[in-house]
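Heads up, the thing below is written out as structure tokens.
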Amino acid sequence: MAASDERSGRGEVRAAVVREATRLFAARGFDGTALQDIADAVGVSKPAVLHYFPSKELVRDAVLDGFLAHWKDALPQLLFAAPSGLGRFEAIFGAVRRFFADDPHRARLVLREMLDRPDAIRALLRDAVRPWLAAIAGFIRAGQAGGTHHPDLDPEAYLLQMLQVVIAAGVSNAVLPVALDDDLVRARARSDRELDRIARTALFVTRDPVAPHPPRAPAKRRPSKR
């Protein structure tokens with residue numbers, strides 16, 4: 001096997017371990033998941049998992065580090081790619097919602113970690129997530145100064161509330177939307193649209209913060225023919 005193929009194979013196994021560990025930790029919790037369970041899910045031996053991760057704790061660290069690495073790479077692009085306040089909001093909020101919606105195990109894992117390891121998660125939020133909030137909050141404050149964002153809004157607290165709602169939606173989306181419609185896909189779409197509207201309305205002063213349309217002049221009445 002060529003060196004590049006061997007490296008590719010190692011990378012695939014490592015990625016599979018992280019992916020299956022995310023699913024199992026979300027479903028059973030960290031304590032309820034054995035390394036052998038992860039190995040069986042990946043289709044490799046337990047020593048093969050230990051080759052990449054010498055302990056189960058390191059597997060969990062890799063799962064959480066993957067979350068953080070994703071946003072460390074994605075957020076700067078999202079912040080600066082969209083030229084407008086509304087475009088930036090839609091890019092960031094949409095990306096966060098899709099991140100948890102694309103893999104519901106992510107939201108469940110975050111919730112489990114907060115319940116099972118609150119001290120560790122507090123440290124993670126303080127050291128890794130707080131800088132992200134501060135960066136996005138800077139753009140919100142610029143919008144407040146420009147009059148497009150509500151002046152009494154607390155940027156960091158707003159972002160935290162939206163993150164909580166998105167995580168909660170990711171956990172409950174397999175169940176709660178059925179209260180709206182028996183078609184779960186349609187119900188989720190309705191729920192997502194309303195969540196977007198709530199988040200947007202809470203942030204922006206106007207319905208169209210980028211290019212508000214001037215009021216339309218009243219139509220001229222034609223003189224009646226007698």
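Identifiers for the structure tokens are assigned positionally: chains receive A, B, ... in sequence, residues are indexed from 1 per chain, and ligands are indexed from 1 in the order shown.
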- Could you give me, as a ChimeraX atom specification, the residues within 8 Å of region 63-76 of chain A, counting only C-alpha atoms and dropping anything in the same chain fewer than 4 positions from it? /A:18-19,21-22,59,80,92,128,132
- Item | Polymer residues at most 10 Å from region 198-206 of chain A, only C-alpha atoms, same-chain spacing of 6 or more positions, as a PyMOL selection string | chain A and resi 85-86+89-90+93+140+143-144+147-155+158-159+161-162+165+192+212
- Please give the complete set of residues from region 54-214 of chain A that DSSP, run on the backbone, assigns to helix (DSSP H, G or I), formatted as a ChimeraX atom specification. /A:56-81,85-102,104-116,118-146,155-172,176-179,184-203
- Task: Could you tell me which of A:Lys46, A:Arg23, A:Arg14, A:Arg186 comes closest to Ala62 (chain A) if we count only C-alpha atoms?
- Result: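 The shortest atom-to-atom distance to Ala62 (chain A) comes from A:Arg14.
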Please provide as an mmCIF file with C-alpha atoms, in the first residue's frame all residues within 8 Å of His105 (chain A), with the sequence filter that same-chain residues fewer than 4 positions apart are discarded (counting only C-alpha atoms).
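Result written to part08.cif:
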```
data_model
loop_
_atom_site.group_PDB
_atom_site.id
_atom_site.type_symbol
_atom_site.label_atom_id
_atom_site.label_comp_id
_atom_site.auth_asym_id
_atom_site.auth_seq_id
_atom_site.Cartn_x
_atom_site.Cartn_y
_atom_site.Cartn_z
ATOM 1 C CA THR A 22 -20.799 10.737 18.627
ATOM 2 C CA ARG A 23 -23.813 8.544 17.894
ATOM 3 C CA ALA A 26 -25.522 10.662 22.368
ATOM 4 C CA ALA A 27 -27.694 7.551 22.664
ATOM 5 C CA PHE A 100 -27.444 20.264 14.474
ATOM 6 C CA LEU A 109 -24.491 14.709 22.792
ATOM 7 C CA VAL A 171 -32.930 17.197 20.427
#
```
- What separation in Å, quoted to one decimal, exists between CA of Pro177 (chain A) and CA of Gly29 (chain A)? 24.7 Å
- Message: At a cut-off of 12 Å, using only C-alpha atoms, what residues contact Asp40 (chain A)? Leave out same-chain residues fewer than 3 positions from it and give the result as a list in words.
- Response: Ala16, Val17, Glu20, Ala21, Leu24, Thr33, Ala34, Leu35, Gln36, Asp37, Gly43, Val44, Ser45, Lys46, Pro47, Ala48 and Val49 of chain A
- Task: Identify which of the residues A:Val96, A:Ala81, A:Val13, A:Ile121 lies closest to Tyr52 (chain A), counting only C-alpha atoms when measuring atom-to-atom distances.
- Result: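 Closest to Tyr52 (chain A) of all the choices is A:Val13.
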- From the list A:Leu160, A:Asp196, A:Ser191, A:Gly138, which residue is nearest Leu125 (chain A) when using only C-alpha atoms?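 Smallest distance to Leu125 (chain A) is found for A:Leu160.
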- Message: At a cut-off of 9 Å, using only C-alpha atoms, what residues contact Leu78 (chain A)? Leave out same-chain residues fewer than 5 positions from it and give the result as an MDAnalysis selection string.
- Response: chainID A and resid 88 91:92 95
- Task: Point out the residue among A:Gly170, A:His51, A:Ala15, A:Ala123 with the least atom-to-atom distance to Asp102 (chain A), counting only C-alpha atoms.
- Result: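 Among A:Gly170, A:His51, A:Ala15, A:Ala123, it is A:Gly170 that comes nearest to Asp102 (chain A).
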- Message: Measuring between only C-alpha atoms, which one of A:Arg106, A:Leu163, A:Ala157, A:Arg190 shows the shortest distance to Leu176 (chain A)?
- Response: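 Closest to Leu176 (chain A) of all the choices is A:Arg190.
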